[in-house]
Amino acid sequence: MRNVVRSEWTKIRSVASTVWTLSLALVVTAALGMLVSGLLRHDVGRLGPHQRLAFDPTFAAFAGMNIGQLAMVVFGVLVVSNEYSTGMIRASLAAVPQRGTFFLAKIAVATGLALAVGMATSFAAFFLGQAMLGPHRASIGDPGVLRAVVGGGLYMTLIAVFSMGVAAMLRSPLLSLGILMPFFFLISHVLGNVDATKRVGRFLPDQAGSRIMQVVAPADDTPYGPWAGLGIMVLWVAAALAGGYAVLKRRDA
Amino acid sequence: MIEAVGLTKRYGDKTAVHNLSFQVRPGMVTGFLGPNGSGKSTTMRMILGLDNPTSGRVTIAGRPYRELPNAPRLVGALLDAKAVHGGRSARNHLLCLAQMSGIPARRVDEVLGVVGLQDVAKRRSKGFSLGMGQRLGIAAALLGDPQVLLFDEPVNGLDPEGILWVRNLMRALAAEGRTVFVSSHLMSEMALTADHLIVIGRGQLLADMSVKDFISANSADFARVRTPDTEPQQREKLTSALTEAGAHVLPEPDGALRVTGLPLPRISDIAHEAGVRLWELSPHQASLEEAYMRMTQGVVDYRSTVDQREGLMAPPQPGAQPPLPVPGQGQPGWYPPPPPGAGGAPYAPPQPGPYGTPPAHPAHPAAPPVNPYAQPAPRPTADQGAAEPGAAQDRTAQERPAQDRPAAAPAAAQPSAARTDTEDAR
């Protein structure tokens with residue numbers, strides 16, 4: 001197992017797409033968060049007292065997460081589907097005939113890397129965003145803020161892992177991206193905001209998981225709290241990984 | 001030692017490999033031959049536990065691949081030289097394969113040296129030529145210093161120096177007592193490299209025998225006999241005399257005759273008795289390629305047809321030569337020498353197909369039994385003479401008045417139709 005983990009680390013660090021997707025995730029998330037925070041800084045001053053209460057400076061700094069997560073999706077998909085699109089999977093599985101070990105090592109290494117980058121992204125986005133908010137900023141010591149920032153890092157990581165599971169099921173990078181990108185960018189938001197589908201839509205992985213990044217709970221009837229929301233997302237991820245493992249185990253390489 | 005027993009693989013309703021049983025023994029190079037799509041790569045993938053057989057099993061040293069302890073140290077394989085992430089350097093590619101199998105990193109530099117890639121080790125494999133890619137794939141197979149080696153088309157894209165190197169490498173590996181299993185399409189190369197052959201077609205075993213036995217069982221050595229070009233009637237006279245003496249006579253594309261079933265001195269005697277002069281009487285040794293072509297004739301899935309260029313060709317000028325058919329292009333039945341006499345290979349029943357009938361004789365009155373390995377070409381009637389790729393050419397050029405010449409295209413369409421019939425019949 002240690003050998004396989006080391007090998008997966010060699011694989012992941014020796015391709016350019018890793019660096020590109022992960023740095024894009026960090027830069028885009030932080031930069032968009034700064035931009036939105038900077039724009040809000042002036043608007044917040046004009047808000048009434050009620051609206052002021054509903055303003056969430058932490059969540060404002062995570063405004064870039066919506067776009068930044070797409071880079072995480074690409075990272076997750078490429079890490080897994082590169083094996084298939086290049087045909088390397090045959091050499092890998094010939095070298096590690098225990099497919100469970102292979103899958104576990106690959107997911108573990110990629111998850112570890114995504115977690116590190118996700119946390120860095122979340123903290124960078126928070127501090128940079130608060131700096132732009134000026135007088136309306138939140139402090140990391142305020143109640144619920146640290147949870148939201150750590151949660152932001154976990155959210156980014158889980159998005160990547162979910163993509164890995166989906167890519168392991170679908171194998172093709174184009175197909176995986178073609179499904180995941182519009183889903184996270186568009187469909188999930190539509191389903192989560194249209195009244196008719198709202199009840200179902202908020203149980204989607206990204207809708208449920210992003211609840212943890214909000215310090216000020218929105219005034220709606222969402223039936224779960226921040227951690228329960230993340231729990232729902234973890235269930236989705238676990239299901240995707242189980243599906244990916246089942247496909248790898250059963251199907252021909 | 002690799003052993004397959006009743007190995008079968010179906011994809012949906014398509015059977016890629018059917019009831020394949022063979023053994024690959026250590027200490028020799030075993031060649032694995034078959035036309036495109038005959039199931040070679042599927043078999044190799046099943047040996048490596050990548051694909052699960054629908055039924056049957058294949059074992060290495062008595063165990064299925066996925067149950068072998070330390071499989072990558074026992075078995076090395078080159079399946080597809082292009083199966084490399086183009087953005088990764090050659091060294092990193094080998095390094096991650098080595099790390100997976102617990103092979104120390106210095107072994108990576110060793111094998112890079114063995115295949116001659118040490119100077120480009122740090123370069124991305126995206127820029128590699130086909131030959132460099134093959135070398136990288138061979139390096140990967142050698143990483144674990146394995147006892148069993150599988151190579152799928154290892155000489156693809158290699159230069160002559162590289163081909164020679166691969167040949168010597170295979171032979172050296174086998175001489176060290178390892179099991180070497182190589183698939184290839186290059187017959188001349190196989191003849192030099194392999195000791196033993198396993199031939200499959202449409203997923204079924206066609207032959208499992210030594211190279212020497214394979215050639216002698218699947219081809220007949222024949223004699224080339226040439227009568228004076230200026231006297232066609234001498235040719236026909238000799239043909240009937242030889243046929244009466246029990247020989248099989250086939251016309252060659254250049255007007256000579258291909259004679260089997262009689263020793264050379266006897267042919268000479270018969271010619272002498274018939275009063276026919278000979279311009280040539282030469283022995284011809286069949287090659288592995290001919291033997292292979294002959295055996296796999298009926299099981300080729302992808303066969304070219306003559307490019308008819310319908311509507312693209314300018315109308316032929318009066319008196320212009322019709323294009324001569326290129327041997328082997330869309331002309332089933334061109335390659336095989338006549339079947340050996342009784343007691344030939346089980347896959348080559350000794351029945352002359354209609355094509356085997358010399359033009360001088362009328363075609364068999366009753367339809368002869370269909371021989372799938374000598375597919376029928378159209379009967380050599382006056383109109384279709386040109387469709388017969390062999391002897392007709394000379395006559396076309398020399399005897400026929402220009403206006404009688406058939407257009408090449410419609411005539412050439414006949415063999416594929418005939419082939420379809422044969423397929424249906426089977």
# chains A, B, ... in the order shown; residues from 1 in each chain; ligands from 1

$ interface_residues --of "chain B" --to "chain A" --cutoff "6 Å" --atoms "only C-alpha atoms" --output "list in words"
Leu50, Asp51, Arg66, Pro72, Ala83, Val84, His85, Gly87, Arg88, Cys96, Gln99, Met100, Ser101 and Gly102 of chain B

$ write_last_selection --atoms "N, CA and C atoms" --output "JSON list (two decimals), in the first residue's frame"
[["chain", "number", "residue", "atom", "x", "y", "z"],
["B", 50, "LEU", "N", -6.63, -8.11, -16.79],
["B", 50, "LEU", "CA", -7.28, -6.82, -17.02],
["B", 50, "LEU", "C", -8.72, -7.03, -17.46],
["B", 51, "ASP", "N", -8.93, -8.02, -18.29],
["B", 51, "ASP", "CA", -10.29, -8.38, -18.70],
["B", 51, "ASP", "C", -10.63, -9.73, -18.07],
["B", 66, "ARG", "N", -4.32, -12.19, -11.16],
["B", 66, "ARG", "CA", -4.70, -11.36, -10.03],
["B", 66, "ARG", "C", -4.46, -12.04, -8.70],
["B", 72, "PRO", "N", 3.91, -8.15, -10.59],
["B", 72, "PRO", "CA", 4.76, -7.36, -11.49],
["B", 72, "PRO", "C", 6.23, -7.77, -11.48],
["B", 83, "ALA", "N", 0.23, 4.04, -24.41],
["B", 83, "ALA", "CA", -0.50, 4.17, -23.15],
["B", 83, "ALA", "C", 0.35, 4.86, -22.10],
["B", 84, "VAL", "N", 0.69, 6.10, -22.39],
["B", 84, "VAL", "CA", 1.56, 6.88, -21.52],
["B", 84, "VAL", "C", 0.96, 8.27, -21.43],
["B", 85, "HIS", "N", 0.99, 8.86, -20.25],
["B", 85, "HIS", "CA", 0.53, 10.25, -20.15],
["B", 85, "HIS", "C", 1.57, 11.13, -20.82],
["B", 87, "GLY", "N", 2.24, 14.14, -20.86],
["B", 87, "GLY", "CA", 2.87, 15.23, -20.14],
["B", 87, "GLY", "C", 3.91, 14.77, -19.13],
["B", 88, "ARG", "N", 4.03, 13.46, -18.99],
["B", 88, "ARG", "CA", 4.94, 12.92, -17.99],
["B", 88, "ARG", "C", 6.25, 12.56, -18.67],
["B", 96, "CYS", "N", 6.82, 5.80, -11.66],
["B", 96, "CYS", "CA", 5.57, 5.48, -10.94],
["B", 96, "CYS", "C", 5.20, 4.02, -11.13],
["B", 99, "GLN", "N", 7.49, 2.22, -8.62],
["B", 99, "GLN", "CA", 7.08, 2.40, -7.22],
["B", 99, "GLN", "C", 5.87, 1.55, -6.88],
["B", 100, "MET", "N", 4.97, 1.42, -7.85],
["B", 100, "MET", "CA", 3.79, 0.59, -7.60],
["B", 100, "MET", "C", 4.18, -0.83, -7.26],
["B", 101, "SER", "N", 5.24, -1.34, -7.91],
["B", 101, "SER", "CA", 5.64, -2.72, -7.70],
["B", 101, "SER", "C", 6.75, -2.84, -6.67],
["B", 102, "GLY", "N", 7.08, -1.74, -6.02],
["B", 102, "GLY", "CA", 8.14, -1.79, -5.03],
["B", 102, "GLY", "C", 9.52, -2.04, -5.62]]

$ residues_around --residues "A:Leu113" --least-positions-apart "4" --cutoff "10 Å" --atoms "only C-alpha atoms" --output "PyMOL selection string"
chain A and resi 9+12-13+18+22+107-109+117-118+157

$ write_last_selection --atoms "N, CA and C atoms" --output "mmCIF file, in the first residue's frame"
data_model
loop_
_atom_site.group_PDB
_atom_site.id
_atom_site.type_symbol
_atom_site.label_atom_id
_atom_site.label_comp_id
_atom_site.auth_asym_id
_atom_site.auth_seq_id
_atom_site.Cartn_x
_atom_site.Cartn_y
_atom_site.Cartn_z
ATOM 1 N N TRP A 9 1.597 9.470 -5.831
ATOM 2 C CA TRP A 9 2.148 10.811 -5.598
ATOM 3 C C TRP A 9 3.061 11.205 -6.758
ATOM 4 N N ILE A 12 0.824 12.145 -9.662
ATOM 5 C CA ILE A 12 0.065 13.383 -9.549
ATOM 6 C C ILE A 12 0.981 14.599 -9.639
ATOM 7 N N ARG A 13 2.221 14.453 -9.171
ATOM 8 C CA ARG A 13 3.085 15.625 -9.210
ATOM 9 C C ARG A 13 3.793 15.781 -10.551
ATOM 10 N N THR A 18 -2.215 19.036 -12.771
ATOM 11 C CA THR A 18 -2.398 19.166 -11.322
ATOM 12 C C THR A 18 -2.141 20.600 -10.883
ATOM 13 N N LEU A 22 -5.265 23.202 -9.702
ATOM 14 C CA LEU A 22 -5.299 23.563 -8.289
ATOM 15 C C LEU A 22 -4.970 25.042 -8.085
ATOM 16 N N ILE A 107 -7.299 7.685 -4.674
ATOM 17 C CA ILE A 107 -8.235 8.639 -4.084
ATOM 18 C C ILE A 107 -7.601 9.310 -2.868
ATOM 19 N N ALA A 108 -6.877 8.531 -2.064
ATOM 20 C CA ALA A 108 -6.285 9.100 -0.850
ATOM 21 C C ALA A 108 -5.286 10.195 -1.192
ATOM 22 N N VAL A 109 -4.416 9.919 -2.152
ATOM 23 C CA VAL A 109 -3.396 10.912 -2.491
ATOM 24 C C VAL A 109 -4.047 12.176 -3.070
ATOM 25 N N VAL A 117 -4.958 22.140 -0.698
ATOM 26 C CA VAL A 117 -5.232 23.302 -1.538
ATOM 27 C C VAL A 117 -6.578 23.923 -1.172
ATOM 28 N N GLY A 118 -7.560 23.096 -0.831
ATOM 29 C CA GLY A 118 -8.881 23.618 -0.465
ATOM 30 C C GLY A 118 -8.816 24.481 0.787
ATOM 31 N N THR A 157 -12.710 20.292 -1.050
ATOM 32 C CA THR A 157 -12.145 18.949 -1.119
ATOM 33 C C THR A 157 -13.205 17.930 -1.546
#

$ residues_around --residues "B:Ala241" --least-positions-apart "3" --cutoff "10 Å" --atoms "only C-alpha atoms" --output "JSON, numbers by chain"
{"B": [235, 236, 237, 238, 244, 245, 246, 247, 267, 270, 271, 273, 274]}

$ residues_around --residues "A:Gly152" --least-positions-apart "3" --cutoff "7 Å" --atoms "only C-alpha atoms" --output "PyMOL selection string"
chain A and resi 122+148-149+155-156+213

$ closest_residue --among "A:Val79, A:Val200, A:Leu235, A:Met132" --to "A:Pro223" --atoms "only C-alpha atoms"
A:Val200

$ select_by_dssp --residues "stretch 144-279 of chain B" --states "strand (DSSP E or B)" --output "PyMOL selection string"
chain B and resi 148-152+179-183+196-201+204-210+222-226+248-251+257-260

$ residues_around --residues "A:Ser81" --least-positions-apart "4" --cutoff "10 Å" --atoms "only C-alpha atoms" --output "number ranges by chain"
A: 76-77, 85-89, 164, 166-174, 176

$ select_by_dssp --residues "stretch 22-199 of chain A" --states "alpha helix (DSSP H)" --output "PyMOL selection string"
chain A and resi 22-45+49-54+57-61+65-86+88-95+99-133+145-170+173-182+188-193+195-199

$ atom_distance --atom1 "atom CA of A:Ala160" --atom2 "atom CA of A:Ala110"
8.6 Å

$ closest_residue --among "A:Leu248, A:Ala208, A:Ile67, A:Val19" --to "A:Pro182" --atoms "only C-alpha atoms"
A:Ile67

$ closest_residue --among "A:Leu230, A:Ala242, A:Ile159, A:Leu191" --to "A:Val73" --atoms "only C-alpha atoms"
A:Ile159

$ residues_around --residues "A:Leu35" --least-positions-apart "2" --cutoff "9 Å" --atoms "only C-alpha atoms" --output "PyMOL selection string"
chain A and resi 30-33+37-40+61+63-64+129+132

$ closest_residue --among "A:Leu175, A:Ala196, A:Val28, A:Ser210" --to "A:Ala124" --atoms "only C-alpha atoms"
A:Val28

$ atom_distance --atom1 "atom CA of B:Ala81" --atom2 "atom CA of B:Lys126"
11.9 Å

$ closest_residue --among "A:Val74, A:Leu26, A:Val194, A:Ala60" --to "A:Phe123" --atoms "only C-alpha atoms"
A:Leu26

$ closest_residue --among "B:Ala4, B:Leu169, B:Leu262, B:Ile163" --to "B:Arg57" --atoms "only C-alpha atoms"
B:Ala4

$ residues_around --residues "B:Leu74" --least-positions-apart "2" --cutoff "7 Å" --atoms "only C-alpha atoms" --output "ChimeraX atom specification"
/B:70-72,76,146-148

$ write_last_selection --atoms "C-alpha atoms" --output "mmCIF file, in the first residue's frame"
data_model
loop_
_atom_site.group_PDB
_atom_site.id
_atom_site.type_symbol
_atom_site.label_atom_id
_atom_site.label_comp_id
_atom_site.auth_asym_id
_atom_site.auth_seq_id
_atom_site.Cartn_x
_atom_site.Cartn_y
_atom_site.Cartn_z
ATOM 1 C CA ASN B 70 4.084 -10.027 -6.469
ATOM 2 C CA ALA B 71 2.764 -10.267 -10.012
ATOM 3 C CA PRO B 72 4.759 -7.361 -11.489
ATOM 4 C CA GLY B 76 6.231 -7.886 -17.489
ATOM 5 C CA PRO B 146 10.277 -10.781 -14.854
ATOM 6 C CA GLN B 147 10.311 -14.475 -15.742
ATOM 7 C CA VAL B 148 7.319 -14.107 -18.053
#

$ decode --residues "stretch 57-95 of chain A" --atoms "N, CA and C atoms" --output "mmCIF file, in the first residue's frame"
data_model
loop_
_atom_site.group_PDB
_atom_site.id
_atom_site.type_symbol
_atom_site.label_atom_id
_atom_site.label_comp_id
_atom_site.auth_asym_id
_atom_site.auth_seq_id
_atom_site.Cartn_x
_atom_site.Cartn_y
_atom_site.Cartn_z
ATOM 1 N N PRO A 57 -20.468 38.617 6.167
ATOM 2 C CA PRO A 57 -19.180 38.989 5.542
ATOM 3 C C PRO A 57 -18.337 37.764 5.182
ATOM 4 N N THR A 58 -18.461 36.703 5.977
ATOM 5 C CA THR A 58 -17.666 35.502 5.677
ATOM 6 C C THR A 58 -18.121 34.878 4.362
ATOM 7 N N PHE A 59 -19.460 34.757 4.244
ATOM 8 C CA PHE A 59 -19.983 34.119 3.027
ATOM 9 C C PHE A 59 -19.701 34.984 1.800
ATOM 10 N N ALA A 60 -19.699 36.286 2.005
ATOM 11 C CA ALA A 60 -19.394 37.198 0.891
ATOM 12 C C ALA A 60 -18.000 36.929 0.346
ATOM 13 N N ALA A 61 -17.065 36.626 1.258
ATOM 14 C CA ALA A 61 -15.695 36.379 0.810
ATOM 15 C C ALA A 61 -15.599 35.063 0.032
ATOM 16 N N PHE A 62 -16.600 34.182 0.193
ATOM 17 C CA PHE A 62 -16.591 32.897 -0.523
ATOM 18 C C PHE A 62 -17.367 32.966 -1.835
ATOM 19 N N ALA A 63 -17.666 34.181 -2.272
ATOM 20 C CA ALA A 63 -18.460 34.323 -3.500
ATOM 21 C C ALA A 63 -17.787 33.662 -4.706
ATOM 22 N N GLY A 64 -16.447 33.574 -4.648
ATOM 23 C CA GLY A 64 -15.740 32.986 -5.790
ATOM 24 C C GLY A 64 -15.778 31.468 -5.815
ATOM 25 N N MET A 65 -16.283 30.874 -4.748
ATOM 26 C CA MET A 65 -16.297 29.417 -4.605
ATOM 27 C C MET A 65 -17.069 28.737 -5.755
ATOM 28 N N ASN A 66 -18.148 29.411 -6.166
ATOM 29 C CA ASN A 66 -18.979 28.874 -7.240
ATOM 30 C C ASN A 66 -18.197 28.580 -8.506
ATOM 31 N N ILE A 67 -17.307 29.504 -8.814
ATOM 32 C CA ILE A 67 -16.486 29.315 -10.016
ATOM 33 C C ILE A 67 -15.256 28.484 -9.674
ATOM 34 N N GLY A 68 -14.675 28.788 -8.529
ATOM 35 C CA GLY A 68 -13.445 28.094 -8.149
ATOM 36 C C GLY A 68 -13.638 26.593 -8.028
ATOM 37 N N GLN A 69 -14.837 26.189 -7.611
ATOM 38 C CA GLN A 69 -15.074 24.753 -7.444
ATOM 39 C C GLN A 69 -15.006 24.017 -8.779
ATOM 40 N N LEU A 70 -15.261 24.739 -9.861
ATOM 41 C CA LEU A 70 -15.202 24.084 -11.165
ATOM 42 C C LEU A 70 -13.781 23.609 -11.466
ATOM 43 N N ALA A 71 -12.784 24.404 -11.040
ATOM 44 C CA ALA A 71 -11.397 23.972 -11.227
ATOM 45 C C ALA A 71 -11.127 22.715 -10.401
ATOM 46 N N MET A 72 -11.746 22.640 -9.227
ATOM 47 C CA MET A 72 -11.617 21.436 -8.402
ATOM 48 C C MET A 72 -12.268 20.235 -9.099
ATOM 49 N N VAL A 73 -13.388 20.490 -9.742
ATOM 50 C CA VAL A 73 -14.052 19.424 -10.499
ATOM 51 C C VAL A 73 -13.102 18.904 -11.579
ATOM 52 N N VAL A 74 -12.472 19.834 -12.295
ATOM 53 C CA VAL A 74 -11.552 19.423 -13.362
ATOM 54 C C VAL A 74 -10.392 18.622 -12.774
ATOM 55 N N PHE A 75 -9.864 19.087 -11.657
ATOM 56 C CA PHE A 75 -8.769 18.348 -11.012
ATOM 57 C C PHE A 75 -9.206 16.921 -10.680
ATOM 58 N N GLY A 76 -10.362 16.814 -10.035
ATOM 59 C CA GLY A 76 -10.842 15.492 -9.630
ATOM 60 C C GLY A 76 -11.067 14.575 -10.817
ATOM 61 N N VAL A 77 -11.653 15.127 -11.867
ATOM 62 C CA VAL A 77 -11.935 14.306 -13.048
ATOM 63 C C VAL A 77 -10.640 13.859 -13.714
ATOM 64 N N LEU A 78 -9.696 14.804 -13.876
ATOM 65 C CA LEU A 78 -8.470 14.469 -14.607
ATOM 66 C C LEU A 78 -7.623 13.454 -13.843
ATOM 67 N N VAL A 79 -7.565 13.581 -12.546
ATOM 68 C CA VAL A 79 -6.746 12.661 -11.754
ATOM 69 C C VAL A 79 -7.138 11.217 -12.042
ATOM 70 N N VAL A 80 -8.438 10.976 -12.160
ATOM 71 C CA VAL A 80 -8.898 9.607 -12.376
ATOM 72 C C VAL A 80 -8.932 9.256 -13.863
ATOM 73 N N SER A 81 -9.527 10.134 -14.671
ATOM 74 C CA SER A 81 -9.780 9.723 -16.057
ATOM 75 C C SER A 81 -8.529 9.782 -16.920
ATOM 76 N N ASN A 82 -7.477 10.477 -16.456
ATOM 77 C CA ASN A 82 -6.212 10.445 -17.190
ATOM 78 C C ASN A 82 -5.729 9.016 -17.385
ATOM 79 N N GLU A 83 -5.933 8.197 -16.385
ATOM 80 C CA GLU A 83 -5.519 6.802 -16.470
ATOM 81 C C GLU A 83 -6.195 6.112 -17.650
ATOM 82 N N TYR A 84 -7.472 6.429 -17.820
ATOM 83 C CA TYR A 84 -8.233 5.762 -18.883
ATOM 84 C C TYR A 84 -7.946 6.377 -20.242
ATOM 85 N N SER A 85 -7.899 7.703 -20.298
ATOM 86 C CA SER A 85 -7.733 8.329 -21.612
ATOM 87 C C SER A 85 -6.355 8.053 -22.188
ATOM 88 N N THR A 86 -5.356 7.838 -21.337
ATOM 89 C CA THR A 86 -4.035 7.528 -21.876
ATOM 90 C C THR A 86 -3.824 6.030 -22.042
ATOM 91 N N GLY A 87 -4.650 5.211 -21.388
ATOM 92 C CA GLY A 87 -4.435 3.768 -21.453
ATOM 93 C C GLY A 87 -3.483 3.285 -20.370
ATOM 94 N N MET A 88 -2.971 4.225 -19.588
ATOM 95 C CA MET A 88 -2.058 3.904 -18.490
ATOM 96 C C MET A 88 -2.692 2.942 -17.491
ATOM 97 N N ILE A 89 -4.021 2.943 -17.436
ATOM 98 C CA ILE A 89 -4.730 2.105 -16.469
ATOM 99 C C ILE A 89 -4.310 0.638 -16.589
ATOM 100 N N ARG A 90 -4.018 0.205 -17.841
ATOM 101 C CA ARG A 90 -3.648 -1.201 -18.026
ATOM 102 C C ARG A 90 -2.325 -1.488 -17.347
ATOM 103 N N ALA A 91 -1.362 -0.576 -17.550
ATOM 104 C CA ALA A 91 -0.066 -0.772 -16.901
ATOM 105 C C ALA A 91 -0.226 -0.693 -15.391
ATOM 106 N N SER A 92 -1.078 0.234 -14.938
ATOM 107 C CA SER A 92 -1.254 0.402 -13.493
ATOM 108 C C SER A 92 -1.865 -0.845 -12.879
ATOM 109 N N LEU A 93 -2.897 -1.363 -13.523
ATOM 110 C CA LEU A 93 -3.578 -2.521 -12.942
ATOM 111 C C LEU A 93 -2.771 -3.809 -13.118
ATOM 112 N N ALA A 94 -1.890 -3.816 -14.129
ATOM 113 C CA ALA A 94 -0.993 -4.961 -14.232
ATOM 114 C C ALA A 94 0.024 -4.908 -13.098
ATOM 115 N N ALA A 95 0.410 -3.693 -12.717
ATOM 116 C CA ALA A 95 1.382 -3.550 -11.635
ATOM 117 C C ALA A 95 0.725 -3.742 -10.273
#
